[in-house]
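Below is one structure; the comments refer to it alone.
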Amino acid sequence: MAETDGTVGAVVLDRIGVQAGLLAGLDDAVRADEPDAVHRMRVACRRLRSALRTYRRLFAPGATDELVAELRWLGAALGRARDGEVLGERLVARARELPAPCGPERLVGRLERWRRAEYRKVRPEVVAALDSARRRALADGLAALLSAPPLRGRARRSALPELARVAAREQRRTAERIRLAAAGGPGRDAALHEARKAAKRARYAGETAEPVAGRAARRYVARMKAVQEVLGEHQDAVVAAAALRERAPGSGEVFGYGVLYGLELAAAGAARAELPAVWARAAGRKLARFA
């Protein structure tokens with residue numbers, strides 16, 4: 001564990017500064033449609049928004065609200081392109097593995113054309129968001145926050161115990177979401193998606209703590225990431241199954257789409273079956289005791 005005399009405010013501002021720099025540096029890459037650029041910018045948005053929400057009590061009341069809202073807006077604009085990209089790649093990969101009676105080559109061709117068409121539809125929205133006055137105002141707002149941080153007195157507290165306290169809180173939030181999802185019922189998939197978001201927020205809290213908590217924080221991050229990933233696989237399978245169900249009637253490949261649909265239902269079920277063991281490794285109270 002790294003020793004530090006730093007305050008929690010300094011650690012959080014450093015996290016915000018790093019992610020704001022990444023966000024600013026990706027504008028040109030996204031405009032140029034470089035591989036993975038949209039994904040990296042979206043992740044920077046998420047990490048920034050998570051830091052501003054998770055540690056909002058370190059700042060003057062309401063000081064971060066507009067930034068959080070604008071980061072949500074930018075993330076949503078990027079997300080429409082990224083979500084379609086992920087869905088298309090997933091379905092194409094699945095189709096390539098189908099047996100010959102399913103017509104995998106035809107399916108791949110149809111899915112590739114659909115993927116490209118969907119991306120062409122949403123790509124202008126991404127560029128328009130980056131070129132907007134709203135995007136420039138977001139950059140200015142982040143710069144202003146970092147140049148003159150409206151910190152409260154609690155931001156002067158020692159970093160390690162505060163970061164551990166927040167990590168424990170986010171772990172409990174994730175536990176509650178997973179308990180709600182375990183109840184089943186018609187809202188199960190939505191509840192599991194909420195649990196995924198909670199695990200991601202917990203992971204980001206652990207990342208913020210890494211500079212001062214070292215290996216203990218990295219272990220926390222790794223275990224929350226594992227929870228996030230199994231829940232992410234579940235969500236991806238649910239979304240893919242819904243897309244296949246919607247597109248199958250007019251696809252001309254009802255049988256092949258039906259096989260893919262069955263595979264996605266199985267993938268969702270496998271993720272749900274895997275979750276208890278993965279969560280058990282992340283649920284221990286000692287995990288968030290960084291000191």
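FYI, nothing fancy with the structure tokens labels: chains A, B, ... in order, residues from 1 per chain, ligands from 1 as they appear.
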
Legend entry - Non-local contacts of A:Glu125 (10 Å; only C-alpha atoms; under 3 positions in same chain excluded) as a list in words: Ala77, Leu78, Arg80, Ala81, Arg120, Lys121, Val122, Ala128, Ala129, Leu130 and Asp131 of chain A

Closest-contact table, stretch 139-227 of chain A side, partner stretch 280-284 of chain A, 10 Å, counting only C-alpha atoms, as a tab-separated table:
residue	atom	partner	partner_atom	distance
A:Ala168	CA	A:Gly284	CA	9.9
A:Gln171	CA	A:Ala283	CA	7.3
A:Arg172	CA	A:Ala283	CA	8.4
A:Thr174	CA	A:Ala283	CA	9.0
A:Ala175	CA	A:Ala283	CA	7.2
A:Ala199	CA	A:Ala282	CA	9.7
A:Arg219	CA	A:Ala282	CA	9.3
A:Tyr220	CA	A:Ala282	CA	7.3
A:Val221	CA	A:Ala282	CA	9.3
A:Ala222	CA	A:Ala282	CA	8.9
A:Arg223	CA	A:Ala282	CA	5.2
A:Met224	CA	A:Ala282	CA	6.2
A:Lys225	CA	A:Ala282	CA	9.4
A:Ala226	CA	A:Ala282	CA	8.5
A:Val227	CA	A:Ala282	CA	7.6

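If you measure from each of A:Lys197, A:Arg40, A:Arg47, A:Arg188 to A:Val230 using only C-alpha atoms, the closest one turns out to be A:Lys197.
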
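Distance annotation: of A:Glu70, A:His193, A:Ala93, A:Leu287, the residue with the minimal separation from A:Glu105 is A:Ala93; atom set is only C-alpha atoms.
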
Inset, instruction - Just the residues within 12 Å of A:Ala32, please, counting only C-alpha atoms, with nothing from its chain fewer than 3 positions along; format it as an MDAnalysis selection string. - result: chainID A and resid 26:29 35:38 123 126:127 130

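Closest approach to A:Gly9 among A:Ala182, A:Cys45, A:Val278, A:Leu52: A:Leu52, based on only C-alpha atoms.
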
Inset, instruction - Any chance you could list, as an MDAnalysis selection string, the residues in stretch 50-198 of chain A that come up alpha helix (DSSP H) when DSSP is run on the backbone? - result: chainID A and resid 50:54 65:96 104:130 133:147 159:182 188:198

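The environment of A:Gly232 within 12 Å, counting only C-alpha atoms and disregarding residues fewer than 6 places along the same chain, consists of Val86, Asp189, Leu192, His193, Glu194, Ala195, Arg196, Lys197, Ala198, Ala199, Lys200, Met224, Lys225, Ala226, Val238, Val239, Ala267, Ala268, Ala271, Arg272 and Leu275 of chain A.
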
Could you write those residues out with N, CA and C atoms, as an mmCIF file, in the first residue's frame?
data_model
loop_
_atom_site.group_PDB
_atom_site.id
_atom_site.type_symbol
_atom_site.label_atom_id
_atom_site.label_comp_id
_atom_site.auth_asym_id
_atom_site.auth_seq_id
_atom_site.Cartn_x
_atom_site.Cartn_y
_atom_site.Cartn_z
ATOM 1 N N VAL A 86 -21.309 -2.610 -30.650
ATOM 2 C CA VAL A 86 -21.128 -3.808 -29.822
ATOM 3 C C VAL A 86 -22.144 -4.886 -30.201
ATOM 4 N N ASP A 189 -34.426 -8.630 -15.398
ATOM 5 C CA ASP A 189 -33.368 -8.176 -16.303
ATOM 6 C C ASP A 189 -33.006 -6.718 -16.054
ATOM 7 N N LEU A 192 -30.960 -6.553 -12.872
ATOM 8 C CA LEU A 192 -29.582 -6.972 -13.092
ATOM 9 C C LEU A 192 -28.780 -5.882 -13.803
ATOM 10 N N HIS A 193 -29.437 -5.147 -14.681
ATOM 11 C CA HIS A 193 -28.762 -4.027 -15.347
ATOM 12 C C HIS A 193 -28.411 -2.937 -14.335
ATOM 13 N N GLU A 194 -29.316 -2.673 -13.405
ATOM 14 C CA GLU A 194 -29.026 -1.698 -12.348
ATOM 15 C C GLU A 194 -27.882 -2.182 -11.461
ATOM 16 N N ALA A 195 -27.838 -3.477 -11.199
ATOM 17 C CA ALA A 195 -26.729 -4.037 -10.421
ATOM 18 C C ALA A 195 -25.415 -3.876 -11.172
ATOM 19 N N ARG A 196 -25.454 -4.030 -12.472
ATOM 20 C CA ARG A 196 -24.241 -3.821 -13.274
ATOM 21 C C ARG A 196 -23.738 -2.392 -13.128
ATOM 22 N N LYS A 197 -24.641 -1.430 -13.205
ATOM 23 C CA LYS A 197 -24.233 -0.028 -13.082
ATOM 24 C C LYS A 197 -23.649 0.257 -11.697
ATOM 25 N N ALA A 198 -24.227 -0.375 -10.675
ATOM 26 C CA ALA A 198 -23.698 -0.194 -9.329
ATOM 27 C C ALA A 198 -22.305 -0.791 -9.199
ATOM 28 N N ALA A 199 -22.080 -1.957 -9.793
ATOM 29 C CA ALA A 199 -20.760 -2.587 -9.743
ATOM 30 C C ALA A 199 -19.729 -1.745 -10.480
ATOM 31 N N LYS A 200 -20.149 -1.130 -11.568
ATOM 32 C CA LYS A 200 -19.229 -0.270 -12.322
ATOM 33 C C LYS A 200 -18.862 0.962 -11.503
ATOM 34 N N MET A 224 -14.702 -6.189 -8.402
ATOM 35 C CA MET A 224 -15.881 -5.471 -8.893
ATOM 36 C C MET A 224 -15.960 -5.512 -10.416
ATOM 37 N N LYS A 225 -14.804 -5.479 -11.061
ATOM 38 C CA LYS A 225 -14.794 -5.596 -12.519
ATOM 39 C C LYS A 225 -15.343 -6.950 -12.954
ATOM 40 N N ALA A 226 -14.993 -8.011 -12.234
ATOM 41 C CA ALA A 226 -15.507 -9.335 -12.571
ATOM 42 C C ALA A 226 -17.029 -9.377 -12.459
ATOM 43 N N VAL A 238 -29.274 -10.015 -23.298
ATOM 44 C CA VAL A 238 -30.680 -9.587 -23.257
ATOM 45 C C VAL A 238 -30.975 -8.616 -24.399
ATOM 46 N N VAL A 239 -30.070 -7.655 -24.602
ATOM 47 C CA VAL A 239 -30.260 -6.674 -25.680
ATOM 48 C C VAL A 239 -30.214 -7.359 -27.043
ATOM 49 N N ALA A 267 -26.957 -17.659 -23.236
ATOM 50 C CA ALA A 267 -25.862 -16.846 -22.696
ATOM 51 C C ALA A 267 -26.324 -16.049 -21.487
ATOM 52 N N ALA A 268 -27.531 -15.510 -21.553
ATOM 53 C CA ALA A 268 -28.066 -14.764 -20.403
ATOM 54 C C ALA A 268 -28.237 -15.688 -19.202
ATOM 55 N N ALA A 271 -24.885 -16.456 -17.609
ATOM 56 C CA ALA A 271 -24.380 -15.333 -16.817
ATOM 57 C C ALA A 271 -25.076 -15.272 -15.466
ATOM 58 N N ARG A 272 -26.366 -15.484 -15.456
ATOM 59 C CA ARG A 272 -27.095 -15.475 -14.172
ATOM 60 C C ARG A 272 -26.606 -16.602 -13.265
ATOM 61 N N LEU A 275 -23.190 -15.590 -11.719
ATOM 62 C CA LEU A 275 -23.143 -14.414 -10.849
ATOM 63 C C LEU A 275 -22.924 -14.722 -9.366
#

Inset, instruction - Write out as a ChimeraX atom specification each polymer residue whose atoms come within 12 Å of A:Val212, counting only C-alpha atoms; drop sequence neighbours fewer than 4 positions from it. - result: /A:1-8,10-12,14-15,158-164,206-208,216-218,290-291

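Of the residues listed (A:Gly75, A:Trp114, A:Arg169, A:Arg135), A:Trp114 shows the shortest atom-to-atom separation from A:Arg247; distances use only C-alpha atoms.
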
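Atom pair atom CA of A:Ala20 / atom CA of A:Pro150 has a distance of 16.8 Å (rounded to one decimal).
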
Inset, instruction - Can you pull out every residue within 12 Å of A:Ala137, counting only C-alpha atoms, but drop anything in the same chain fewer than 4 positions away, and send it as an NGL selection string? - result: :A and (66-67 or 70-71 or 74 or 129-133 or 141-144)

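Using only C-alpha atoms, the nearest neighbour of A:Glu253 within the list A:Arg156, A:Lys286, A:Arg177, A:Arg110 is A:Arg110.
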
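Atom pair atom CA of A:Ala240 / atom CA of A:Leu87: separated by 6.3 Å.
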
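Separating atom CA of A:Ala183 from atom CA of A:Leu231 is a distance of 15.8 Å.
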